[in-house]
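Dumped protein_19.txt below, it's compact mmCIF, C-alpha atoms (C1' of nucleotides):
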# COMPACT_ATOMS: atom_id res chain seq x y z
CA MET A 1 -6.96 -5.41 25.11
CA THR A 2 -9.05 -7.99 23.29
CA ASP A 3 -8.99 -11.69 23.94
CA ASP A 4 -7.95 -12.83 20.49
CA ASP A 5 -4.38 -11.65 20.87
CA PRO A 6 -1.56 -14.04 21.54
CA LEU A 7 -0.66 -14.06 25.18
CA ALA A 8 2.90 -12.96 24.48
CA PHE A 9 1.61 -10.00 22.51
CA GLU A 10 -0.38 -8.74 25.44
CA VAL A 11 2.54 -9.23 27.77
CA PHE A 12 4.81 -7.24 25.46
CA ASN A 13 2.17 -4.56 25.19
CA GLU A 14 1.94 -4.13 28.95
CA ILE A 15 5.71 -4.08 29.16
CA GLY A 16 5.86 -1.38 26.54
CA ILE A 17 3.44 0.84 28.39
CA ILE A 18 5.15 0.35 31.73
CA ASN A 19 8.46 1.17 30.11
CA GLN A 20 7.03 4.34 28.66
CA LEU A 21 5.50 5.43 31.95
CA THR A 22 8.61 4.78 34.01
CA THR A 23 11.17 6.22 31.65
CA ALA A 24 9.05 9.33 31.14
CA ALA A 25 8.66 9.82 34.89
CA PHE A 26 12.35 9.31 35.58
CA ALA A 27 13.51 11.45 32.69
CA ALA A 28 11.32 14.28 33.93
CA VAL A 29 13.22 14.66 37.20
CA LEU A 30 16.77 14.32 35.94
CA PRO A 31 19.02 17.38 35.97
CA LYS A 32 18.72 19.67 32.98
CA GLY A 33 20.33 18.07 29.95
CA MET A 34 20.64 14.63 31.50
CA THR A 35 18.85 11.65 30.00
CA ILE A 36 18.17 8.10 31.03
CA ALA A 37 20.56 6.82 28.40
CA GLN A 38 23.38 8.96 29.76
CA PHE A 39 22.60 8.15 33.37
CA THR A 40 22.64 4.47 32.49
CA VAL A 41 26.19 4.80 31.21
CA LEU A 42 27.32 6.67 34.31
CA ASN A 43 25.70 4.08 36.51
CA HIS A 44 27.30 1.23 34.61
CA PHE A 45 30.80 2.54 35.25
CA VAL A 46 30.25 3.08 38.93
CA ARG A 47 28.42 -0.13 39.65
CA LEU A 48 30.91 -2.35 37.87
CA GLU A 49 33.84 -0.21 39.05
CA LEU A 50 35.16 0.10 35.52
CA GLU A 51 38.22 2.15 34.74
CA ALA A 52 37.82 2.22 30.99
CA GLN A 53 35.56 0.51 28.52
CA SER A 54 35.21 0.51 24.74
CA PRO A 55 32.10 2.02 23.15
CA ALA A 56 31.38 -1.32 21.50
CA LYS A 57 31.29 -3.12 24.85
CA LEU A 58 29.09 -0.44 26.33
CA ALA A 59 26.70 -0.71 23.39
CA SER A 60 26.52 -4.44 23.76
CA ALA A 61 26.01 -4.19 27.52
CA PHE A 62 22.91 -2.07 26.96
CA GLN A 63 21.73 -3.92 23.86
CA ILE A 64 21.89 -0.86 21.69
CA THR A 65 23.67 -0.35 18.38
CA ARG A 66 27.10 1.21 18.06
CA PRO A 67 25.88 4.33 16.29
CA THR A 68 23.55 5.00 19.20
CA MET A 69 26.37 4.68 21.68
CA THR A 70 28.61 6.89 19.54
CA SER A 71 26.12 9.73 19.70
CA THR A 72 25.36 9.33 23.39
CA LEU A 73 29.05 9.27 24.27
CA ALA A 74 29.69 12.32 22.10
CA ARG A 75 27.11 14.28 24.10
CA MET A 76 28.51 12.99 27.37
CA GLU A 77 32.02 13.97 26.40
CA LYS A 78 30.82 17.42 25.40
CA ALA A 79 29.15 17.71 28.79
CA GLY A 80 32.36 16.71 30.53
CA LEU A 81 30.94 13.49 31.94
CA VAL A 82 33.39 11.13 30.24
CA THR A 83 36.69 11.21 28.45
CA ILE A 84 37.31 9.28 25.25
CA LYS A 85 40.79 8.24 24.21
CA ALA A 86 42.26 6.04 21.53
CA ASP A 87 42.92 2.49 22.65
CA PRO A 88 46.69 1.97 22.63
CA ALA A 89 46.19 -1.76 22.20
CA ASP A 90 43.82 -1.55 19.24
CA GLY A 91 44.14 1.01 16.48
CA ARG A 92 40.42 0.84 15.71
CA GLY A 93 39.19 1.11 19.26
CA LYS A 94 38.54 3.83 21.81
CA LEU A 95 38.42 3.79 25.57
CA VAL A 96 35.82 5.63 27.59
CA SER A 97 36.39 6.69 31.19
CA LEU A 98 34.31 8.51 33.75
CA THR A 99 35.40 11.98 34.83
CA ALA A 100 35.01 13.32 38.35
CA GLY A 101 32.13 15.38 37.00
CA GLY A 102 30.54 12.24 35.62
CA ARG A 103 30.79 10.60 39.00
CA GLU A 104 29.20 13.59 40.70
CA MET A 105 26.45 13.73 38.11
CA ARG A 106 25.62 10.11 38.77
CA THR A 107 25.23 10.84 42.47
CA GLU A 108 23.08 13.85 41.67
CA CYS A 109 20.89 11.73 39.39
CA LEU A 110 20.40 9.16 42.11
CA ARG A 111 19.25 11.95 44.40
CA CYS A 112 16.78 13.18 41.79
CA LEU A 113 15.46 9.70 41.08
CA ALA A 114 14.84 8.91 44.71
CA GLY A 115 11.52 10.78 44.76
CA PRO A 116 9.76 9.08 41.85
CA MET A 117 11.34 5.80 42.88
CA ALA A 118 9.83 6.07 46.34
CA GLU A 119 6.47 6.99 44.83
CA ALA A 120 6.56 3.92 42.63
CA GLN A 121 7.58 1.65 45.46
CA ALA A 122 4.83 3.10 47.60
CA VAL A 123 2.11 1.95 45.22
CA LEU A 124 3.73 -1.26 44.03
CA PRO A 125 3.52 -4.00 46.64
CA GLU A 126 6.86 -5.59 47.31
CA ALA A 127 5.27 -8.99 46.94
CA VAL A 128 4.32 -8.22 43.35
CA LEU A 129 7.80 -6.97 42.52
CA LYS A 130 9.38 -10.02 44.08
CA GLN A 131 7.18 -12.24 42.00
CA LEU A 132 7.87 -10.26 38.85
CA LEU A 133 11.64 -10.05 38.98
CA PRO A 134 12.53 -13.70 38.43
CA LEU A 135 9.85 -14.08 35.77
CA LEU A 136 11.12 -11.04 33.88
CA ARG A 137 14.72 -12.17 34.16
CA ASP A 138 13.74 -15.50 32.71
CA VAL A 139 11.92 -13.87 29.79
CA ARG A 140 14.74 -11.44 29.17
CA GLU A 141 17.35 -14.17 29.12
CA LYS A 142 15.35 -16.30 26.74
CA LEU A 143 14.65 -13.43 24.36
CA ASP A 144 18.28 -12.42 24.54
CA ARG A 145 19.38 -15.88 23.52
CA LEU A 146 16.92 -15.75 20.64
CA ARG A 147 18.61 -12.64 19.32
CA ASP A 148 21.53 -14.49 17.74
CA MET B 1 22.60 -6.17 38.33
CA THR B 2 23.99 -5.57 41.78
CA ASP B 3 22.11 -6.30 44.96
CA ASP B 4 22.04 -2.81 46.36
CA ASP B 5 19.44 -1.56 43.89
CA PRO B 6 15.86 -1.05 44.90
CA LEU B 7 13.71 -3.92 43.79
CA ALA B 8 11.54 -1.69 41.62
CA PHE B 9 14.62 -0.38 39.86
CA GLU B 10 15.68 -3.85 38.84
CA VAL B 11 12.19 -4.68 37.68
CA PHE B 12 12.07 -1.55 35.53
CA ASN B 13 15.48 -2.36 34.18
CA GLU B 14 14.44 -5.82 33.06
CA ILE B 15 11.30 -4.37 31.54
CA GLY B 16 13.34 -1.83 29.62
CA ILE B 17 15.61 -4.48 28.16
CA ILE B 18 12.73 -6.76 27.20
CA ASN B 19 11.01 -3.82 25.56
CA GLN B 20 14.11 -3.02 23.58
CA LEU B 21 14.59 -6.60 22.44
CA THR B 22 10.98 -7.13 21.40
CA THR B 23 10.41 -3.83 19.66
CA ALA B 24 13.69 -4.19 17.77
CA ALA B 25 12.82 -7.70 16.67
CA PHE B 26 9.32 -6.75 15.58
CA ALA B 27 10.35 -3.54 13.87
CA ALA B 28 12.93 -5.46 11.86
CA VAL B 29 10.30 -7.58 10.08
CA LEU B 30 7.69 -4.91 9.35
CA PRO B 31 7.14 -3.83 5.74
CA LYS B 32 9.45 -1.10 4.46
CA GLY B 33 8.50 2.24 5.98
CA MET B 34 6.23 0.78 8.65
CA THR B 35 7.00 1.21 12.31
CA ILE B 36 5.68 -0.21 15.54
CA ALA B 37 4.08 3.10 16.40
CA GLN B 38 2.17 3.20 13.14
CA PHE B 39 1.17 -0.44 13.34
CA THR B 40 -0.12 0.15 16.85
CA VAL B 41 -2.46 2.83 15.54
CA LEU B 42 -3.71 0.61 12.72
CA ASN B 43 -4.26 -2.22 15.14
CA HIS B 44 -6.12 -0.01 17.57
CA PHE B 45 -8.70 0.99 14.97
CA VAL B 46 -9.35 -2.54 13.83
CA ARG B 47 -9.45 -4.16 17.23
CA LEU B 48 -11.84 -1.65 18.73
CA GLU B 49 -13.78 -1.36 15.47
CA LEU B 50 -13.45 2.41 15.52
CA GLU B 51 -14.86 4.51 12.72
CA ALA B 52 -13.15 7.75 13.68
CA GLN B 53 -11.10 8.91 16.62
CA SER B 54 -9.47 12.18 17.64
CA PRO B 55 -5.67 12.39 17.76
CA ALA B 56 -5.91 13.37 21.42
CA LYS B 57 -7.79 10.19 22.31
CA LEU B 58 -5.35 8.10 20.34
CA ALA B 59 -2.44 9.73 22.13
CA SER B 60 -4.01 9.07 25.49
CA ALA B 61 -4.81 5.46 24.56
CA PHE B 62 -1.12 4.82 23.90
CA GLN B 63 0.19 7.01 26.72
CA ILE B 64 2.13 9.23 24.40
CA THR B 65 2.03 12.99 24.07
CA ARG B 66 -0.07 14.81 21.51
CA PRO B 67 2.90 16.14 19.56
CA THR B 68 4.12 12.59 19.10
CA MET B 69 0.76 11.51 17.78
CA THR B 70 0.61 14.52 15.48
CA SER B 71 3.82 13.51 13.77
CA THR B 72 2.98 9.82 13.57
CA LEU B 73 -0.43 10.58 12.07
CA ALA B 74 1.10 13.00 9.59
CA ARG B 75 3.35 10.24 8.30
CA MET B 76 0.49 7.77 8.20
CA GLU B 77 -1.67 10.19 6.24
CA LYS B 78 1.16 10.80 3.80
CA ALA B 79 1.47 7.05 3.38
CA GLY B 80 -2.26 6.77 2.72
CA LEU B 81 -2.96 4.68 5.80
CA VAL B 82 -5.39 7.11 7.44
CA THR B 83 -7.45 10.14 6.58
CA ILE B 84 -7.65 13.17 8.83
CA LYS B 85 -10.62 15.51 8.77
CA ALA B 86 -11.83 18.41 10.85
CA ASP B 87 -14.28 17.42 13.55
CA PRO B 88 -17.63 19.00 12.65
CA ALA B 89 -18.66 18.92 16.31
CA ASP B 90 -15.54 20.62 17.67
CA GLY B 91 -13.75 23.39 15.88
CA ARG B 92 -10.47 22.55 17.56
CA GLY B 93 -10.56 18.83 16.92
CA LYS B 94 -9.78 16.45 14.11
CA LEU B 95 -11.03 13.00 13.30
CA VAL B 96 -8.80 10.20 12.12
CA SER B 97 -10.10 7.24 10.13
CA LEU B 98 -8.51 4.17 8.63
CA THR B 99 -8.34 3.87 4.86
CA ALA B 100 -8.71 0.61 2.99
CA GLY B 101 -4.95 0.74 2.50
CA GLY B 102 -4.47 1.12 6.22
CA ARG B 103 -6.59 -1.92 6.84
CA GLU B 104 -4.62 -3.96 4.35
CA MET B 105 -1.35 -2.78 5.81
CA ARG B 106 -2.44 -3.93 9.24
CA THR B 107 -3.15 -7.40 7.88
CA GLU B 108 0.19 -7.43 6.14
CA CYS B 109 1.93 -6.41 9.37
CA LEU B 110 0.24 -9.22 11.26
CA ARG B 111 1.54 -11.62 8.66
CA CYS B 112 5.06 -10.26 9.06
CA LEU B 113 4.90 -10.34 12.84
CA ALA B 114 3.73 -13.93 12.98
CA GLY B 115 7.24 -15.32 12.56
CA PRO B 116 9.02 -13.52 15.39
CA MET B 117 5.91 -13.90 17.51
CA ALA B 118 5.96 -17.65 17.08
CA GLU B 119 9.67 -17.71 17.88
CA ALA B 120 9.05 -15.80 21.08
CA GLN B 121 6.18 -18.01 22.10
CA ALA B 122 8.26 -21.05 21.39
CA VAL B 123 10.85 -20.14 23.99
CA LEU B 124 8.54 -18.50 26.51
CA PRO B 125 6.54 -21.04 28.48
CA GLU B 126 2.87 -20.25 28.49
CA ALA B 127 2.83 -20.74 32.23
CA VAL B 128 5.28 -17.90 32.70
CA LEU B 129 3.31 -15.58 30.44
CA LYS B 130 0.09 -16.41 32.25
CA GLN B 131 1.71 -15.57 35.54
CA LEU B 132 3.19 -12.37 34.17
CA LEU B 133 0.17 -10.82 32.53
CA PRO B 134 -1.96 -10.07 35.60
CA LEU B 135 1.08 -8.85 37.53
CA LEU B 136 2.08 -6.50 34.74
CA ARG B 137 -1.46 -5.22 34.33
CA ASP B 138 -1.54 -4.45 38.02
CA VAL B 139 1.74 -2.58 37.88
CA ARG B 140 0.73 -0.70 34.75
CA GLU B 141 -2.57 0.40 36.26
CA LYS B 142 -0.95 1.59 39.46
CA LEU B 143 1.76 3.51 37.65
CA ASP B 144 -0.83 4.96 35.35
CA ARG B 145 -2.84 6.24 38.28
CA LEU B 146 0.33 7.75 39.72
CA ARG B 147 0.78 9.77 36.58
CA ASP B 148 -1.83 12.41 37.49
C1' DT C 1 -22.10 38.89 28.08
C1' DG C 2 -17.26 38.69 28.84
C1' DC C 3 -13.11 37.04 30.90
C1' DT C 4 -10.43 33.09 32.49
C1' DT C 5 -9.15 28.52 32.17
C1' DT C 6 -8.91 24.33 29.80
C1' DT C 7 -8.37 21.55 25.76
C1' DA C 8 -6.94 20.28 20.71
C1' DG C 9 -3.56 20.52 17.57
C1' DT C 10 0.75 22.21 15.81
C1' DT C 11 5.53 23.80 15.63
C1' DA C 12 10.30 23.89 17.13
C1' DG C 13 14.25 21.90 19.17
C1' DA C 14 16.36 18.20 21.55
C1' DT C 15 17.75 13.14 22.39
C1' DA C 16 17.57 8.13 21.49
C1' DT C 17 17.11 4.80 18.46
C1' DC C 18 17.60 2.15 14.18
C1' DG C 19 19.58 0.41 9.51
C1' DA C 20 22.78 1.28 5.80
C1' DT C 21 27.06 2.61 4.56
C1' DC C 22 31.91 4.14 4.88
C1' DT C 23 36.84 4.03 6.67
C1' DA C 24 40.41 1.99 9.20
C1' DT C 25 42.41 -1.65 11.59
C1' DA C 26 42.73 -6.53 13.07
C1' DT C 27 42.39 -11.36 12.22
C1' DG C 28 42.57 -15.60 9.64
C1' DG C 29 43.47 -18.72 6.02
C1' DT C 30 46.26 -19.99 2.10
C1' DA D 1 53.27 -12.27 2.94
C1' DC D 2 48.69 -11.53 1.02
C1' DC D 3 44.13 -11.23 0.44
C1' DA D 4 39.48 -11.96 2.40
C1' DT D 5 36.75 -11.40 6.24
C1' DA D 6 35.45 -9.46 10.59
C1' DT D 7 35.32 -5.75 13.90
C1' DA D 8 35.44 -0.69 15.79
C1' DG D 9 33.80 3.81 15.03
C1' DA D 10 31.70 7.35 12.56
C1' DT D 11 28.31 9.43 9.38
C1' DC D 12 23.74 9.85 7.30
C1' DG D 13 18.91 9.83 7.13
C1' DA D 14 14.77 8.42 9.19
C1' DT D 15 11.30 7.74 13.08
C1' DA D 16 9.64 8.17 17.86
C1' DT D 17 9.71 10.50 21.77
C1' DC D 18 9.81 14.41 25.02
C1' DT D 19 9.18 19.48 26.79
C1' DA D 20 8.13 24.20 25.84
C1' DA D 21 5.64 27.39 23.58
C1' DC D 22 2.12 28.90 20.30
C1' DT D 23 -2.78 29.37 18.13
C1' DA D 24 -7.53 28.46 18.10
C1' DA D 25 -11.68 27.01 20.05
C1' DA D 26 -14.58 25.29 23.88
C1' DA D 27 -16.11 25.50 28.66
C1' DG D 28 -16.70 27.56 33.05
C1' DC D 29 -17.85 31.28 35.73
C1' DA D 30 -19.05 35.88 37.43
Let me see the structure of the file written as structure tokens.
Amino acid sequence: MTDDDPLAFEVFNEIGIINQLTTAAFAAVLPKGMTIAQFTVLNHFVRLELEAQSPAKLASAFQITRPTMTSTLARMEKAGLVTIKADPADGRGKLVSLTAGGREMRTECLRCLAGPMAEAQAVLPEAVLKQLLPLLRDVREKLDRLRD
Amino acid sequence: MTDDDPLAFEVFNEIGIINQLTTAAFAAVLPKGMTIAQFTVLNHFVRLELEAQSPAKLASAFQITRPTMTSTLARMEKAGLVTIKADPADGRGKLVSLTAGGREMRTECLRCLAGPMAEAQAVLPEAVLKQLLPLLRDVREKLDRLRD
DNA sequence: TGCTTTTAGTTAGATATCGATCTATATGGT
DNA sequence: ACCATATAGATCGATATCTAACTAAAAGCA
């Protein structure tokens, strides 16, 4: 807003607002009971063609803490979107798998997201997005490396 | 991650991750009990040199809903960071003001944030940030307009 | 004036998120 | 083999966020 802020601060501020606007818009159109967090998990399994994955790996893939993933997975299991079994190879671990219902829900979510997505793409010039993507990837990777 | 995603989707995804990384890093260093949301309110008052502001205007400034602002302000009032009075000019409204304690807390937060901020700026080339800022502002404004 | 609509704020209920802490199991070093 | 450390999950308590629904007051309009 003002000029006396560090550049990075203003960048992070814009990013925060954009994140809020997009997640709110997307969440609003998802099927009743579905959330972005849950959709993200469904999408992860399908896109990477995973059979089974541990909660810890899922948490780390999305940069969230294990307790967060525990609670999200519990809701997803309750909703019949995933199954959670003990890991036979590791007494501490669990293995999460997608159910058929989870797969269908992911497809349904994609259908629901298409509208807002198209709206966004309609107002955002492709040139801007193409410029943004590599810059954001660079920032994300550098911040990610900073994390440890 | 994969190539078959719409460009905008990937951009929003990167933005989401960056947001998560930065807010987590900043939140971690704030004084006990302080949060990003509360700091943002403190900062807003000081930067814009506001005497008093209604909760509704604050909510709209940060793109959050009024219920969210209600709860954040309630915690801030309890912590002695702001005062909340009835608006004499509008029977429905309230007026929020910073207390001396709130002002001090904002300064203290800035001190705490300086470290992580410097770390971030150290790894993020200024050139990249300078390129990013106008692009992000453009995207934010367009998405914001889409909201209504 | 009086009714309708809009706006401000709150309350309730839900999810996501975190840090701190606990239990159980695995791993590593002596 | 044994003990110390590290890792996987779960539990707890807190905050931020949303939508839906409610109350009260202002604004608009006939």
Distance table requested - stretch 37-115 of chain A against stretch 1-10 of chain D, cut-off 12 Å, all atoms listed in the file: one row per qualifying residue with the closest atom pair and its distance in Å to one decimal, ordered by chain and rising residue number, as a tab-separated table.
residue	atom	partner	partner_atom	distance
A:Ser54	CA	D:DA8	C1'	9.0
A:Pro55	CA	D:DG9	C1'	8.5
A:Ala56	CA	D:DA8	C1'	7.0
A:Lys57	CA	D:DA8	C1'	10.3
A:Ala59	CA	D:DA8	C1'	11.6
A:Thr65	CA	D:DG9	C1'	11.5
A:Arg66	CA	D:DG9	C1'	7.8
A:Pro67	CA	D:DA10	C1'	7.5
A:Thr68	CA	D:DA10	C1'	10.8
A:Met69	CA	D:DG9	C1'	10.0
A:Thr70	CA	D:DG9	C1'	7.5
A:Ser71	CA	D:DA10	C1'	9.4
A:Leu73	CA	D:DG9	C1'	11.7
A:Ala74	CA	D:DA10	C1'	10.9
A:Ala86	CA	D:DG9	C1'	10.9
A:Asp87	CA	D:DA8	C1'	10.6
A:Asp90	CA	D:DA8	C1'	9.1
A:Gly91	CA	D:DA8	C1'	8.9
A:Arg92	CA	D:DA8	C1'	5.2
A:Gly93	CA	D:DA8	C1'	5.4
A:Lys94	CA	D:DA8	C1'	8.1
A:Leu95	CA	D:DA8	C1'	11.2
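Rounded to one decimal, atom CA of A:Leu110 and atom CA of B:Glu141 lie 25.3 Å from each other.
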Å distance separating atom C1' of C:DT6 from atom CA of B:Leu143, one decimal place: 24.7 Å
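Using only C-alpha atoms (C1' of nucleotides), the nearest neighbour of chain B within the list C:DA24, C:DC3, C:DG19, C:DA14 is C:DG19.
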Which residues of chain C come within 12 Å of chain B, and for each one, what is the closest pair of atoms and their distance in Å to one decimal, counting all atoms listed in the file, sorted by chain and residue number, as CSV?
residue,atom,partner,partner_atom,distance
C:DT7,C1',B:Arg92,CA,8.5
C:DA8,C1',B:Arg92,CA,5.2
C:DG9,C1',B:Arg92,CA,7.2
C:DT10,C1',B:Pro67,CA,7.5
C:DT11,C1',B:Pro67,CA,9.0
C:DA12,C1',B:Pro67,CA,11.0
C:DA16,C1',B:Gln20,CA,11.9
C:DT17,C1',B:Ala24,CA,9.6
C:DC18,C1',B:Ala24,CA,8.3
C:DG19,C1',B:Ala28,CA,9.2
Spatial neighbours of A:Gly80, 12 Å, only C-alpha atoms (C1' of nucleotides), chain gap at least 3 places, as a ChimeraX atom specification: /A:34,38,42,73-77,83-84,96-105
Put those residues in a file: C-alpha atoms, as a short mmCIF file (atom, residue, chain, number, x, y, z; two decimals), in the coordinates of the input.
data_model
loop_
_atom_site.label_atom_id
_atom_site.label_comp_id
_atom_site.auth_asym_id
_atom_site.auth_seq_id
_atom_site.Cartn_x
_atom_site.Cartn_y
_atom_site.Cartn_z
CA MET A 34 20.64 14.63 31.50
CA GLN A 38 23.38 8.96 29.76
CA LEU A 42 27.32 6.67 34.31
CA LEU A 73 29.05 9.27 24.27
CA ALA A 74 29.69 12.32 22.10
CA ARG A 75 27.11 14.28 24.10
CA MET A 76 28.51 12.99 27.37
CA GLU A 77 32.02 13.97 26.40
CA THR A 83 36.69 11.21 28.45
CA ILE A 84 37.31 9.28 25.25
CA VAL A 96 35.82 5.63 27.59
CA SER A 97 36.39 6.69 31.19
CA LEU A 98 34.31 8.51 33.75
CA THR A 99 35.40 11.98 34.83
CA ALA A 100 35.01 13.32 38.35
CA GLY A 101 32.13 15.38 37.00
CA GLY A 102 30.54 12.24 35.62
CA ARG A 103 30.79 10.60 39.00
CA GLU A 104 29.20 13.59 40.70
CA MET A 105 26.45 13.73 38.11
#
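When all atoms listed in the file are used to compute distances to chain A, the closest of the residues B:Thr23, B:Ile36, B:Ile18, B:Asn13 turns out to be B:Ile18.
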Residues of chain D within 8 Å of chain B, all atoms listed in the file counted, as a PyMOL selection string: chain D and resi 15-18+24-26
Mind dumping stretch 5-17 of chain D from that block, keeping N, CA and C atoms (P, O5', C5', C4', C3', O3' and C1' of nucleotides), as a CSV table (one decimal), in the first residue's frame?
chain,number,residue,atom,x,y,z
D,5,DT,P,19.4,-38.8,23.4
D,5,DT,O5',18.9,-38.9,21.9
D,5,DT,C5',19.8,-39.4,20.9
D,5,DT,C4',19.1,-39.6,19.6
D,5,DT,C3',18.1,-38.5,19.2
D,5,DT,O3',18.4,-38.2,17.8
D,5,DT,C1',17.1,-40.6,19.1
D,6,DA,P,17.6,-36.9,17.2
D,6,DA,O5',16.7,-37.6,16.1
D,6,DA,C5',17.2,-38.6,15.2
D,6,DA,C4',16.1,-39.3,14.5
D,6,DA,C3',15.1,-38.3,13.9
D,6,DA,O3',14.7,-38.8,12.6
D,6,DA,C1',14.0,-40.0,15.2
D,7,DT,P,13.9,-37.8,11.6
D,7,DT,O5',12.6,-38.6,11.4
D,7,DT,C5',12.7,-40.0,11.0
D,7,DT,C4',11.3,-40.6,11.2
D,7,DT,C3',10.1,-39.8,10.7
D,7,DT,O3',9.4,-40.6,9.8
D,7,DT,C1',9.7,-40.7,12.9
D,8,DA,P,8.1,-40.0,9.1
D,8,DA,O5',7.0,-40.8,9.9
D,8,DA,C5',6.8,-42.2,9.8
D,8,DA,C4',5.5,-42.6,10.3
D,8,DA,C3',4.3,-41.7,9.9
D,8,DA,O3',3.2,-42.5,9.5
D,8,DA,C1',4.4,-41.7,12.2
D,9,DG,P,2.0,-41.9,8.7
D,9,DG,O5',0.8,-42.0,9.8
D,9,DG,C5',1.1,-41.7,11.1
D,9,DG,C4',0.0,-42.1,12.1
D,9,DG,C3',-1.2,-41.2,11.9
D,9,DG,O3',-2.4,-41.9,12.4
D,9,DG,C1',0.0,-40.7,13.9
D,10,DA,P,-3.8,-41.2,12.4
D,10,DA,O5',-3.8,-40.7,13.9
D,10,DA,C5',-3.7,-41.7,15.0
D,10,DA,C4',-3.9,-41.0,16.3
D,10,DA,C3',-5.1,-40.1,16.4
D,10,DA,O3',-5.8,-40.4,17.6
D,10,DA,C1',-3.2,-38.9,17.1
D,11,DT,P,-7.2,-39.7,18.0
D,11,DT,O5',-6.8,-38.6,19.0
D,11,DT,C5',-6.0,-39.0,20.1
D,11,DT,C4',-5.8,-37.7,21.0
D,11,DT,C3',-7.0,-36.8,21.1
D,11,DT,O3',-7.2,-36.4,22.5
D,11,DT,C1',-5.0,-35.6,20.5
D,12,DC,P,-8.4,-35.6,22.9
D,12,DC,O5',-7.8,-34.1,23.2
D,12,DC,C5',-6.5,-34.1,23.7
D,12,DC,C4',-6.1,-32.6,24.0
D,12,DC,C3',-7.3,-31.6,24.0
D,12,DC,O3',-7.0,-30.7,25.1
D,12,DC,C1',-5.7,-31.0,22.4
D,13,DG,P,-8.3,-29.7,25.5
D,13,DG,O5',-7.7,-28.3,25.0
D,13,DG,C5',-6.4,-27.9,25.3
D,13,DG,C4',-6.1,-26.6,24.5
D,13,DG,C3',-7.2,-25.7,24.4
D,13,DG,O3',-6.8,-24.3,24.5
D,13,DG,C1',-6.4,-26.2,22.3
D,14,DA,P,-7.8,-23.1,24.6
D,14,DA,O5',-7.4,-22.2,23.4
D,14,DA,C5',-6.0,-21.8,23.3
D,14,DA,C4',-5.7,-21.4,21.9
D,14,DA,C3',-6.7,-20.4,21.3
D,14,DA,O3',-6.2,-19.1,21.1
D,14,DA,C1',-6.2,-22.1,19.7
D,15,DT,P,-7.1,-17.9,20.7
D,15,DT,O5',-6.9,-17.9,19.1
D,15,DT,C5',-5.6,-17.7,18.6
D,15,DT,C4',-5.7,-17.7,17.1
D,15,DT,C3',-6.7,-16.7,16.5
D,15,DT,O3',-6.0,-15.9,15.6
D,15,DT,C1',-7.0,-18.9,15.6
D,16,DA,P,-6.8,-14.8,14.8
D,16,DA,O5',-7.2,-15.5,13.5
D,16,DA,C5',-6.2,-16.0,12.6
D,16,DA,C4',-6.8,-16.5,11.3
D,16,DA,C3',-7.8,-15.6,10.7
D,16,DA,O3',-7.5,-15.5,9.3
D,16,DA,C1',-8.7,-17.7,11.0
D,17,DT,P,-8.2,-14.4,8.5
D,17,DT,O5',-9.5,-15.2,7.8
D,17,DT,C5',-9.2,-16.2,6.9
D,17,DT,C4',-10.3,-17.1,6.7
D,17,DT,C3',-11.7,-16.4,6.5
D,17,DT,O3',-11.8,-16.0,5.2
D,17,DT,C1',-11.8,-18.5,7.8
